[in-house]
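Have a look at the structure below, then the notes.
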Amino acid sequence: MAALTRLMKPTSTIITRRSLSTTTAAVSDIQSSLSDGKGGSSRNNFQWVFLGVPGVGKGTYASRLSSLLGVPHIATGDLVRNELASKGPLSNQLAEIVNQGKLVSDEIIFNLLSKRLEAGEAKGESGFILDGFPRTIRQAEILNEVTEIDLVVNLKLREDVLVEKCLGRRICSECGKGFNVASINAKAENGRPGMSMAPLLPPSHCASKLVTRADDTEEVVKERLRIYQEKSQPVEGFYRDLGKLMEFDLPGGIPESWPKLLEALNLDEYEVKRSAVA
């Protein structure tokens, strides 16, 4: 397949090799890789991966970091949904896979991802934050052959909160933005701290157009978690062995978690400086 072959060949703009031996070095290198905070070109060379179970919030935090750092956020889940909406040749096959909570095959994912990278390269993009990829050891090994990932952020959330969060997800059928109607207040138990998450409600013009994703049922959510434990969790070990994995336990919703994540990434001062010159 041409697209798969294309992805496995490094390019001068999208894929660049960088050498970082440990997670600590990766986080320490972030500030030195940034420009003066006014949007210089040096800051968009990051090649990061966001890991975590489906629904944990990879897209939310990867998207925020994408805006902060000026690096494209590439979510394989969005690529799959866009292909589904396109009614293209893969749409029927993908619909059956997604609605059953199964993992999309490596071949299809590489096909979609390579097309996205090619389109970005044509627009002059460099660097990326990958969200939802790699999901298997094979995907991680192939990615490692064609590029060197700088940092892997592994988002973690207690399972009962995660299920409730997934069941509260809604999408505006008109603008495509995501929201969450769940008001979560999980009690402390079994050594786990209590956790609260306020709903992320839509504006009035979206409120009457909310729809639930076909795969956001309790049965499918739990099946996705089971598959993640079986297929994707070993990817965490792969990057841990490479010294690239940064574990991050979400302490709550966005207001609580975002500042803590920036602090863990050594980006809290950068955001303040960037806001000051905006």
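Naming works like this for the structure tokens: A, B, ... for the chains as they're shown, residue 1 at the start of each chain, ligands 1 onward in shown order.
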- Task: as a list in words, please: all residues of stretch 157-199 of chain A that backbone DSSP puts in strand (DSSP E or B).
- Result: Arg169, Arg170, Ile171, Cys172, Gly178, Phe179, Asn180, Ile184, Asn185, Ala186, Glu189, Arg192, Met195, Ser196 and Met197 of chain A
With N, CA, C and O atoms kept, could you save the residues just selected as a PDB file, in the first residue's frame?
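The resulting file, out04.pdb, is reproduced below:
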```pdb
ATOM      1  N   ARG A 169     -20.555  11.825  27.497  1.00  0.00           N
ATOM      2  CA  ARG A 169     -20.059  12.554  26.325  1.00  0.00           C
ATOM      3  C   ARG A 169     -21.172  12.811  25.309  1.00  0.00           C
ATOM      4  O   ARG A 169     -22.002  11.950  25.036  1.00  0.00           O
ATOM      5  N   ARG A 170     -21.160  14.008  24.771  1.00  0.00           N
ATOM      6  CA  ARG A 170     -22.115  14.392  23.729  1.00  0.00           C
ATOM      7  C   ARG A 170     -21.381  15.196  22.660  1.00  0.00           C
ATOM      8  O   ARG A 170     -20.384  15.862  22.940  1.00  0.00           O
ATOM      9  N   ILE A 171     -21.885  15.161  21.446  1.00  0.00           N
ATOM     10  CA  ILE A 171     -21.307  15.908  20.328  1.00  0.00           C
ATOM     11  C   ILE A 171     -22.403  16.732  19.686  1.00  0.00           C
ATOM     12  O   ILE A 171     -23.535  16.261  19.495  1.00  0.00           O
ATOM     13  N   CYS A 172     -22.085  17.977  19.343  1.00  0.00           N
ATOM     14  CA  CYS A 172     -23.040  18.811  18.616  1.00  0.00           C
ATOM     15  C   CYS A 172     -23.092  18.327  17.168  1.00  0.00           C
ATOM     16  O   CYS A 172     -22.062  18.282  16.485  1.00  0.00           O
ATOM     17  N   GLY A 178     -17.303  18.766  21.101  1.00  0.00           N
ATOM     18  CA  GLY A 178     -17.656  17.796  22.123  1.00  0.00           C
ATOM     19  C   GLY A 178     -17.969  18.441  23.460  1.00  0.00           C
ATOM     20  O   GLY A 178     -17.361  19.455  23.828  1.00  0.00           O
ATOM     21  N   PHE A 179     -18.903  17.852  24.178  1.00  0.00           N
ATOM     22  CA  PHE A 179     -19.310  18.345  25.496  1.00  0.00           C
ATOM     23  C   PHE A 179     -19.508  17.144  26.411  1.00  0.00           C
ATOM     24  O   PHE A 179     -19.389  15.996  25.986  1.00  0.00           O
ATOM     25  N   ASN A 180     -19.813  17.403  27.684  1.00  0.00           N
ATOM     26  CA  ASN A 180     -20.050  16.307  28.616  1.00  0.00           C
ATOM     27  C   ASN A 180     -21.104  16.731  29.625  1.00  0.00           C
ATOM     28  O   ASN A 180     -20.951  17.763  30.294  1.00  0.00           O
ATOM     29  N   ILE A 184     -19.835  14.543  37.910  1.00  0.00           N
ATOM     30  CA  ILE A 184     -19.214  13.416  38.611  1.00  0.00           C
ATOM     31  C   ILE A 184     -18.748  13.828  40.005  1.00  0.00           C
ATOM     32  O   ILE A 184     -18.085  14.849  40.173  1.00  0.00           O
ATOM     33  N   ASN A 185     -19.117  13.027  40.990  1.00  0.00           N
ATOM     34  CA  ASN A 185     -18.681  13.254  42.360  1.00  0.00           C
ATOM     35  C   ASN A 185     -18.390  11.897  42.988  1.00  0.00           C
ATOM     36  O   ASN A 185     -19.216  11.326  43.692  1.00  0.00           O
ATOM     37  N   ALA A 186     -17.205  11.361  42.693  1.00  0.00           N
ATOM     38  CA  ALA A 186     -16.831  10.022  43.146  1.00  0.00           C
ATOM     39  C   ALA A 186     -16.260  10.083  44.561  1.00  0.00           C
ATOM     40  O   ALA A 186     -15.407  10.920  44.862  1.00  0.00           O
ATOM     41  N   GLU A 189     -12.439   5.859  48.169  1.00  0.00           N
ATOM     42  CA  GLU A 189     -12.631   4.486  48.597  1.00  0.00           C
ATOM     43  C   GLU A 189     -11.442   3.639  48.158  1.00  0.00           C
ATOM     44  O   GLU A 189     -10.770   3.924  47.169  1.00  0.00           O
ATOM     45  N   ARG A 192      -8.276   5.204  47.204  1.00  0.00           N
ATOM     46  CA  ARG A 192      -8.314   6.183  46.115  1.00  0.00           C
ATOM     47  C   ARG A 192      -8.937   7.475  46.617  1.00  0.00           C
ATOM     48  O   ARG A 192      -9.937   7.444  47.344  1.00  0.00           O
ATOM     49  N   MET A 195     -13.013  12.392  43.894  1.00  0.00           N
ATOM     50  CA  MET A 195     -12.791  13.173  42.684  1.00  0.00           C
ATOM     51  C   MET A 195     -14.093  13.773  42.194  1.00  0.00           C
ATOM     52  O   MET A 195     -15.132  13.110  42.185  1.00  0.00           O
ATOM     53  N   SER A 196     -14.024  15.038  41.805  1.00  0.00           N
ATOM     54  CA  SER A 196     -15.198  15.717  41.264  1.00  0.00           C
ATOM     55  C   SER A 196     -14.875  16.263  39.876  1.00  0.00           C
ATOM     56  O   SER A 196     -13.768  16.741  39.629  1.00  0.00           O
ATOM     57  N   MET A 197     -15.844  16.161  38.994  1.00  0.00           N
ATOM     58  CA  MET A 197     -15.720  16.734  37.658  1.00  0.00           C
ATOM     59  C   MET A 197     -17.030  17.414  37.310  1.00  0.00           C
ATOM     60  O   MET A 197     -18.084  16.766  37.271  1.00  0.00           O
TER      61      MET A 197
END
```
Helix (DSSP H, G or I) per DSSP on the backbone: members of stretch 45-84 of chain A, as an mmCIF file with N, CA and C atoms, in the first residue's frame:
```cif
data_model
loop_
_atom_site.group_PDB
_atom_site.id
_atom_site.type_symbol
_atom_site.label_atom_id
_atom_site.label_comp_id
_atom_site.auth_asym_id
_atom_site.auth_seq_id
_atom_site.Cartn_x
_atom_site.Cartn_y
_atom_site.Cartn_z
ATOM 1 N N ASN A 45 8.962 21.817 17.017
ATOM 2 C CA ASN A 45 9.656 20.589 16.661
ATOM 3 C C ASN A 45 9.305 19.424 17.570
ATOM 4 N N LYS A 58 -7.480 12.392 26.351
ATOM 5 C CA LYS A 58 -6.290 12.623 25.524
ATOM 6 C C LYS A 58 -6.510 13.768 24.544
ATOM 7 N N GLY A 59 -7.657 13.763 23.890
ATOM 8 C CA GLY A 59 -7.938 14.795 22.894
ATOM 9 C C GLY A 59 -8.020 16.181 23.504
ATOM 10 N N THR A 60 -8.628 16.280 24.669
ATOM 11 C CA THR A 60 -8.788 17.577 25.327
ATOM 12 C C THR A 60 -7.437 18.201 25.652
ATOM 13 N N TYR A 61 -6.573 17.440 26.300
ATOM 14 C CA TYR A 61 -5.292 17.994 26.741
ATOM 15 C C TYR A 61 -4.294 18.107 25.587
ATOM 16 N N ALA A 62 -4.334 17.178 24.653
ATOM 17 C CA ALA A 62 -3.457 17.276 23.485
ATOM 18 C C ALA A 62 -3.822 18.494 22.650
ATOM 19 N N SER A 63 -5.115 18.761 22.526
ATOM 20 C CA SER A 63 -5.571 19.926 21.760
ATOM 21 C C SER A 63 -5.137 21.227 22.419
ATOM 22 N N ARG A 64 -5.241 21.283 23.742
ATOM 23 C CA ARG A 64 -4.810 22.494 24.463
ATOM 24 C C ARG A 64 -3.309 22.722 24.313
ATOM 25 N N LEU A 65 -2.535 21.648 24.401
ATOM 26 C CA LEU A 65 -1.089 21.777 24.230
ATOM 27 C C LEU A 65 -0.739 22.138 22.794
ATOM 28 N N SER A 66 -1.515 21.627 21.859
ATOM 29 C CA SER A 66 -1.313 21.973 20.455
ATOM 30 C C SER A 66 -1.437 23.470 20.242
ATOM 31 N N SER A 67 -2.465 24.076 20.834
ATOM 32 C CA SER A 67 -2.665 25.524 20.710
ATOM 33 C C SER A 67 -1.567 26.297 21.425
ATOM 34 N N LEU A 68 -1.136 25.809 22.584
ATOM 35 C CA LEU A 68 -0.114 26.497 23.366
ATOM 36 C C LEU A 68 1.246 26.477 22.672
ATOM 37 N N LEU A 69 1.588 25.338 22.069
ATOM 38 C CA LEU A 69 2.926 25.150 21.518
ATOM 39 C C LEU A 69 3.013 25.375 20.008
ATOM 40 N N THR A 76 -6.055 10.029 15.938
ATOM 41 C CA THR A 76 -6.477 8.974 15.021
ATOM 42 C C THR A 76 -7.980 8.715 15.133
ATOM 43 N N GLY A 77 -8.550 8.970 16.319
ATOM 44 C CA GLY A 77 -10.003 8.828 16.448
ATOM 45 C C GLY A 77 -10.734 9.791 15.522
ATOM 46 N N ASP A 78 -10.235 11.028 15.410
ATOM 47 C CA ASP A 78 -10.832 11.998 14.492
ATOM 48 C C ASP A 78 -10.649 11.564 13.050
ATOM 49 N N LEU A 79 -9.480 11.003 12.742
ATOM 50 C CA LEU A 79 -9.244 10.533 11.376
ATOM 51 C C LEU A 79 -10.248 9.440 11.003
ATOM 52 N N VAL A 80 -10.502 8.542 11.956
ATOM 53 C CA VAL A 80 -11.470 7.469 11.713
ATOM 54 C C VAL A 80 -12.875 8.044 11.538
ATOM 55 N N ARG A 81 -13.258 8.976 12.423
ATOM 56 C CA ARG A 81 -14.599 9.553 12.330
ATOM 57 C C ARG A 81 -14.778 10.360 11.042
ATOM 58 N N ASN A 82 -13.732 11.056 10.618
ATOM 59 C CA ASN A 82 -13.811 11.803 9.359
ATOM 60 C C ASN A 82 -13.994 10.864 8.173
ATOM 61 N N GLU A 83 -13.300 9.732 8.235
ATOM 62 C CA GLU A 83 -13.438 8.747 7.154
ATOM 63 C C GLU A 83 -14.845 8.150 7.153
ATOM 64 N N LEU A 84 -15.390 7.910 8.352
ATOM 65 C CA LEU A 84 -16.754 7.408 8.454
ATOM 66 C C LEU A 84 -17.749 8.390 7.840
#
```
Exercise. Mind giving me the straight-line distance from atom CA of A:Ala198 to atom CA of A:Gly253 in Å, one decimal?
Key: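 Those two atoms sit 6.7 Å apart.
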Counting only C-alpha atoms, closest pick from A:Lys156, A:Lys102, A:Arg135, A:Lys87 relative to A:Pro251 is A:Lys156
Quiz item: Quick one: residues within 9 Å of A:Arg158, only C-alpha atoms counted, chain neighbours fewer than 5 positions away excluded, as a VMD selection string?
Solution: chain A and resid 163 192 249 to 250
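Interatomic distance, atom CA of A:Leu143 to atom CA of A:Phe238: 11.9 Å.
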Work out how far atom CA of A:Ile254 is from atom CA of A:Glu218, in Å to one decimal.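 Distance reported for this atom pair: 23.1 Å.
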Residues within 6 Å of stretch 50-54 of chain A, please, as a tab-separated table (two decimals) with all heavy atoms, in the first residue's frame. Count only C-alpha atoms; anything in the same chain fewer than 5 positions from it doesn't count.
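Okay, this is what ended up in out.tsv:
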```
chain	number	residue	atom	x	y	z
A	131	ASP	N	-2.39	11.48	19.18
A	131	ASP	CA	-3.41	11.16	20.18
A	131	ASP	C	-4.15	9.91	19.69
A	131	ASP	O	-4.81	9.95	18.66
A	131	ASP	CB	-4.33	12.38	20.32
A	131	ASP	CG	-5.70	12.08	20.89
A	131	ASP	OD1	-5.90	10.98	21.43
A	131	ASP	OD2	-6.57	12.96	20.78
A	152	VAL	N	6.27	10.74	25.87
A	152	VAL	CA	4.99	10.05	25.87
A	152	VAL	C	4.28	10.35	27.18
A	152	VAL	O	4.79	10.02	28.26
A	152	VAL	CB	5.17	8.53	25.69
A	152	VAL	CG1	3.82	7.83	25.73
A	152	VAL	CG2	5.90	8.22	24.39
A	153	VAL	N	3.14	11.01	27.10
A	153	VAL	CA	2.37	11.38	28.29
A	153	VAL	C	1.25	10.36	28.45
A	153	VAL	O	0.39	10.21	27.58
A	153	VAL	CB	1.78	12.80	28.16
A	153	VAL	CG1	1.00	13.16	29.43
A	153	VAL	CG2	2.89	13.82	27.90
A	154	ASN	N	1.25	9.66	29.56
A	154	ASN	CA	0.26	8.61	29.83
A	154	ASN	C	-0.75	9.13	30.84
A	154	ASN	O	-0.47	9.22	32.03
A	154	ASN	CB	0.95	7.35	30.36
A	154	ASN	CG	-0.01	6.20	30.53
A	154	ASN	OD1	-0.98	6.08	29.78
A	154	ASN	ND2	0.26	5.33	31.50
A	155	LEU	N	-1.94	9.50	30.36
A	155	LEU	CA	-2.99	10.01	31.23
A	155	LEU	C	-3.73	8.86	31.90
A	155	LEU	O	-4.08	7.87	31.25
A	155	LEU	CB	-3.99	10.85	30.42
A	155	LEU	CG	-3.44	12.10	29.73
A	155	LEU	CD1	-4.57	12.83	29.00
A	155	LEU	CD2	-2.76	13.03	30.71
```
Polymer residues at most 10 Å from A:Arg213, only C-alpha atoms, same-chain spacing of 2 or more positions, as a ChimeraX atom specification: /A:99,166-167,169-171,210-211,215-217
With all heavy atoms retained, export the selected residues as an mmCIF file, in the first residue's frame.
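What ended up in selection_34.cif:
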```
data_model
loop_
_atom_site.group_PDB
_atom_site.id
_atom_site.type_symbol
_atom_site.label_atom_id
_atom_site.label_comp_id
_atom_site.auth_asym_id
_atom_site.auth_seq_id
_atom_site.Cartn_x
_atom_site.Cartn_y
_atom_site.Cartn_z
ATOM 1 N N ASN A 99 -18.413 0.415 16.101
ATOM 2 C CA ASN A 99 -19.629 0.183 16.870
ATOM 3 C C ASN A 99 -19.548 -1.043 17.766
ATOM 4 O O ASN A 99 -20.321 -1.183 18.708
ATOM 5 C CB ASN A 99 -20.836 0.057 15.927
ATOM 6 C CG ASN A 99 -21.184 1.374 15.277
ATOM 7 O OD1 ASN A 99 -20.840 2.440 15.780
ATOM 8 N ND2 ASN A 99 -21.858 1.318 14.128
ATOM 9 N N CYS A 166 -17.381 8.775 30.100
ATOM 10 C CA CYS A 166 -17.653 8.358 28.723
ATOM 11 C C CYS A 166 -19.151 8.362 28.422
ATOM 12 O O CYS A 166 -19.577 8.763 27.334
ATOM 13 C CB CYS A 166 -17.081 6.967 28.464
ATOM 14 S SG CYS A 166 -15.292 6.920 28.289
ATOM 15 N N LEU A 167 -19.946 7.918 29.391
ATOM 16 C CA LEU A 167 -21.388 7.865 29.172
ATOM 17 C C LEU A 167 -22.010 9.259 29.112
ATOM 18 O O LEU A 167 -23.121 9.422 28.617
ATOM 19 C CB LEU A 167 -22.059 7.041 30.283
ATOM 20 C CG LEU A 167 -21.658 5.558 30.333
ATOM 21 C CD1 LEU A 167 -22.381 4.842 31.455
ATOM 22 C CD2 LEU A 167 -21.953 4.878 29.000
ATOM 23 N N ARG A 169 -20.555 11.825 27.497
ATOM 24 C CA ARG A 169 -20.059 12.554 26.325
ATOM 25 C C ARG A 169 -21.172 12.811 25.309
ATOM 26 O O ARG A 169 -22.002 11.950 25.036
ATOM 27 C CB ARG A 169 -18.924 11.784 25.643
ATOM 28 C CG ARG A 169 -17.677 11.715 26.480
ATOM 29 C CD ARG A 169 -16.469 11.312 25.676
ATOM 30 N NE ARG A 169 -16.564 9.972 25.090
ATOM 31 C CZ ARG A 169 -15.526 9.349 24.535
ATOM 32 N NH1 ARG A 169 -14.353 9.948 24.473
ATOM 33 N NH2 ARG A 169 -15.669 8.128 24.045
ATOM 34 N N ARG A 170 -21.160 14.008 24.771
ATOM 35 C CA ARG A 170 -22.115 14.392 23.729
ATOM 36 C C ARG A 170 -21.381 15.196 22.660
ATOM 37 O O ARG A 170 -20.384 15.862 22.940
ATOM 38 C CB ARG A 170 -23.264 15.243 24.300
ATOM 39 C CG ARG A 170 -24.088 14.587 25.383
ATOM 40 C CD ARG A 170 -24.931 13.431 24.851
ATOM 41 N NE ARG A 170 -25.806 12.907 25.891
ATOM 42 C CZ ARG A 170 -25.458 11.959 26.763
ATOM 43 N NH1 ARG A 170 -24.232 11.451 26.735
ATOM 44 N NH2 ARG A 170 -26.318 11.526 27.660
ATOM 45 N N ILE A 171 -21.885 15.161 21.446
ATOM 46 C CA ILE A 171 -21.307 15.908 20.328
ATOM 47 C C ILE A 171 -22.403 16.732 19.686
ATOM 48 O O ILE A 171 -23.535 16.261 19.495
ATOM 49 C CB ILE A 171 -20.688 14.956 19.284
ATOM 50 C CG1 ILE A 171 -19.538 14.160 19.900
ATOM 51 C CG2 ILE A 171 -20.182 15.729 18.072
ATOM 52 C CD1 ILE A 171 -18.972 13.097 18.992
ATOM 53 N N LEU A 210 -27.408 18.128 20.518
ATOM 54 C CA LEU A 210 -26.459 17.156 21.059
ATOM 55 C C LEU A 210 -26.846 15.729 20.689
ATOM 56 O O LEU A 210 -28.021 15.357 20.737
ATOM 57 C CB LEU A 210 -26.374 17.279 22.580
ATOM 58 C CG LEU A 210 -25.838 18.595 23.145
ATOM 59 C CD1 LEU A 210 -25.692 18.479 24.655
ATOM 60 C CD2 LEU A 210 -24.508 18.975 22.502
ATOM 61 N N VAL A 211 -25.840 14.937 20.337
ATOM 62 C CA VAL A 211 -26.062 13.528 20.039
ATOM 63 C C VAL A 211 -25.016 12.707 20.805
ATOM 64 O O VAL A 211 -23.955 13.204 21.173
ATOM 65 C CB VAL A 211 -25.946 13.229 18.527
ATOM 66 C CG1 VAL A 211 -27.037 13.935 17.755
ATOM 67 C CG2 VAL A 211 -24.570 13.628 17.989
ATOM 68 N N ASP A 215 -20.716 4.559 19.918
ATOM 69 C CA ASP A 215 -19.881 3.666 20.714
ATOM 70 C C ASP A 215 -19.813 4.067 22.183
ATOM 71 O O ASP A 215 -19.063 3.467 22.948
ATOM 72 C CB ASP A 215 -18.470 3.578 20.126
ATOM 73 C CG ASP A 215 -17.797 4.938 19.982
ATOM 74 O OD1 ASP A 215 -18.519 5.943 19.870
ATOM 75 O OD2 ASP A 215 -16.558 4.986 19.993
ATOM 76 N N ASP A 216 -20.582 5.067 22.596
ATOM 77 C CA ASP A 216 -20.581 5.488 23.998
ATOM 78 C C ASP A 216 -21.740 4.857 24.773
ATOM 79 O O ASP A 216 -22.574 5.541 25.370
ATOM 80 C CB ASP A 216 -20.624 7.016 24.108
ATOM 81 C CG ASP A 216 -19.236 7.631 24.013
ATOM 82 O OD1 ASP A 216 -18.246 6.892 24.143
ATOM 83 O OD2 ASP A 216 -19.149 8.849 23.792
ATOM 84 N N THR A 217 -21.794 3.539 24.754
ATOM 85 C CA THR A 217 -22.714 2.785 25.597
ATOM 86 C C THR A 217 -21.868 2.088 26.660
ATOM 87 O O THR A 217 -20.669 1.865 26.470
ATOM 88 C CB THR A 217 -23.496 1.739 24.794
ATOM 89 O OG1 THR A 217 -22.572 0.759 24.286
ATOM 90 C CG2 THR A 217 -24.226 2.386 23.620
#
```
Using only C-alpha atoms, the residue out of A:Thr136, A:Leu90, A:Glu219, A:Gly252 with shortest distance to A:Ser183 is A:Gly252
For this session: Would you please work out which residue, of A:Ser257, A:Asn190, A:Ser232, A:Asn266, is nearest to A:Leu103 when using only C-alpha atoms?
Result: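 Of all the options, A:Ser232 lies closest to A:Leu103.
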| query | Any idea what's packed within 8 Å of A:Pro72, counting only C-alpha atoms, ignoring anything in its chain fewer than 3 positions away? Could you give it as a PyMOL selection string? | reply | chain A and resi 66+125-129
